[in-house]
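Okay, so here's the structure we're looking at.
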Amino acid sequence: MHHAGRTSWRRFAAVLIPGIVASATLAIAMAQGALAASFFISGQRFQVTADTLTMRGFSLYGMVDVPKKGNPVPVMVIGARHATVSGLCQSVVVDLPVLGPQTLRLTGGKEHPAEATNLFIDATSELIGQANFRGIDTGVAQGAIAKGPIDPGDRDSRFFDPNGVGQQAVSATLTDVRVTAVAVSAGTFSVPGLYEQVKQGRHECF
């Protein structure tokens, strides 16, 4: 019983700890130029919601993320050179033996919006209440995207198709955003009023 509990918490931490420290770690690594290639994903899906997501330099392109174990995951990468996020929520649920489902939930950017640079959201699905674009190009070749960013690690990946179909815009404002994602990374990410908690049961963002 003791061994099983220890193993469960180790597995729990393996999912939760990256969710807590990934933004800070990635920000430092990217600032130092240490991340030349994409990182392995855990494969765990999590939810990200925002009341409003405003982006300058918007890109959208297809990619395949590679877990440390398991099958590759096709994703849509939402990229922004600069983003502000109002009403941010991120949640991940982990089912633990004996303890049952546990939810790690992060919220912030309510009174003052969160800000990010070189933001990339690797999404498996997205639902947007309203999307407004300025200077939008749909059908641009992924390798020709210039208005928004391409993650350098993605561009160097064997899964990146420069002839694939992409989208770009000078700016985009998305409201009532609901995204299921496997990875979020940013050069910098400042979240005013960040609140983190682990709660028994399922308390997902949507």
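How things are named: the first chain in the structure tokens is A, the next is B, and so on; residues count from 1 in each chain; ligands count from 1 in the order shown.
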(request) Could you give me, as a ChimeraX atom specification, each residue of chain A that DSSP assigns to alpha helix (DSSP H) when run on this structure's backbone? (result) /A:2-31,152-155
Can I get the residues of stretch 112-163 of chain A within 6 Å of stretch 55-79 of chain A, each with the closest pair of atoms and their distance in Å to one decimal, using only C-alpha atoms, sorted chain first then ascending number, as a Markdown table?
```
| residue | atom | partner | partner_atom | distance |
| --- | --- | --- | --- | --- |
| A:Leu119 | CA | A:Gly79 | CA | 5.6 |
| A:Phe120 | CA | A:Gly79 | CA | 4.6 |
| A:Ile121 | CA | A:Ile78 | CA | 5.1 |
| A:Asp122 | CA | A:Val77 | CA | 4.5 |
| A:Ala123 | CA | A:Met76 | CA | 5.2 |
| A:Thr124 | CA | A:Val75 | CA | 5.0 |
| A:Lys147 | CA | A:Gly57 | CA | 5.3 |
| A:Gly148 | CA | A:Gly57 | CA | 4.1 |
| A:Pro149 | CA | A:Gly79 | CA | 5.9 |
| A:Phe159 | CA | A:Val64 | CA | 5.9 |
| A:Phe160 | CA | A:Met63 | CA | 5.9 |
```
(request) From a DSSP pass on the backbone, collect the residues of stretch 12-190 of chain A flagged as strand (DSSP E) and hand them back as a ChimeraX atom specification. (result) /A:46-65,73-86,88-96,100-108,114-134,137-141,165-185,188-190
(message) When you look at A:Phe133 with a cut-off of 9 Å (counting only C-alpha atoms), what residues show up, excluding the ones that are within fewer than 3 positions of it in the same chain? I need them as a list in words.
(response)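 Near A:Phe133, the qualifying residues are Phe58, Ile136, Ala169, Val170, Ser171, Ala172, Thr173 and Leu174 of chain A.
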Go ahead and write the selection's residues with C-alpha atoms as a CSV table (one decimal), in the first residue's frame.
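Okay, this is what ended up in out-v2.csv:
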```
chain,number,residue,atom,x,y,z
A,58,PHE,CA,-0.9,35.7,-35.2
A,136,ILE,CA,-5.7,37.8,-42.3
A,169,ALA,CA,-2.9,37.8,-39.4
A,170,VAL,CA,-1.5,41.1,-38.3
A,171,SER,CA,-3.7,40.8,-35.2
A,172,ALA,CA,-6.5,38.7,-33.8
A,173,THR,CA,-8.9,39.1,-30.9
A,174,LEU,CA,-10.6,36.0,-29.6
```
(request) List the neighbours of A:Gly193 out to 8 Å using only C-alpha atoms; skip same-chain residues closer than 6 positions along the sequence, and give me the result as a list in words. (result)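 Returned residues: Thr107, Gly108, Gly109, Lys110 and Glu111 of chain A.
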(request) Point out the residue among A:Leu127, A:Val191, A:Ala146, A:Val165 with the least atom-to-atom distance to A:His112, counting only C-alpha atoms. (result)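 The answer is A:Val191, which sits nearest to A:His112.
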Spatial neighbours of stretch 83-85 of chain A, max dist 6 Å, only C-alpha atoms, sep filter under 4 positions, as a PDB file with C-alpha atoms, in the first residue's frame:
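Full text of out_32.pdb as output:
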```
ATOM      1  CA  THR A  52     -10.359  37.439 -24.139  1.00  0.00           C
ATOM      2  CA  LEU A  53      -7.166  36.553 -25.982  1.00  0.00           C
ATOM      3  CA  THR A  54      -5.686  39.438 -27.986  1.00  0.00           C
ATOM      4  CA  MET A  55      -2.703  38.711 -30.235  1.00  0.00           C
ATOM      5  CA  PRO A 113      -4.532  40.842 -18.124  1.00  0.00           C
ATOM      6  CA  ALA A 114      -1.683  38.359 -18.379  1.00  0.00           C
ATOM      7  CA  GLU A 115       0.949  39.137 -21.020  1.00  0.00           C
ATOM      8  CA  ALA A 116       3.056  36.761 -23.091  1.00  0.00           C
TER       9      ALA A 116
END
```
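Look at A:Thr117: the protein and nucleic acid residues within 8 Å of it, using only C-alpha atoms and passing over chain neighbours fewer than 6 places away, are Ala80, Arg81, His82, Ala83, Ala186, Gly187, Thr188 and Phe189 of chain A.
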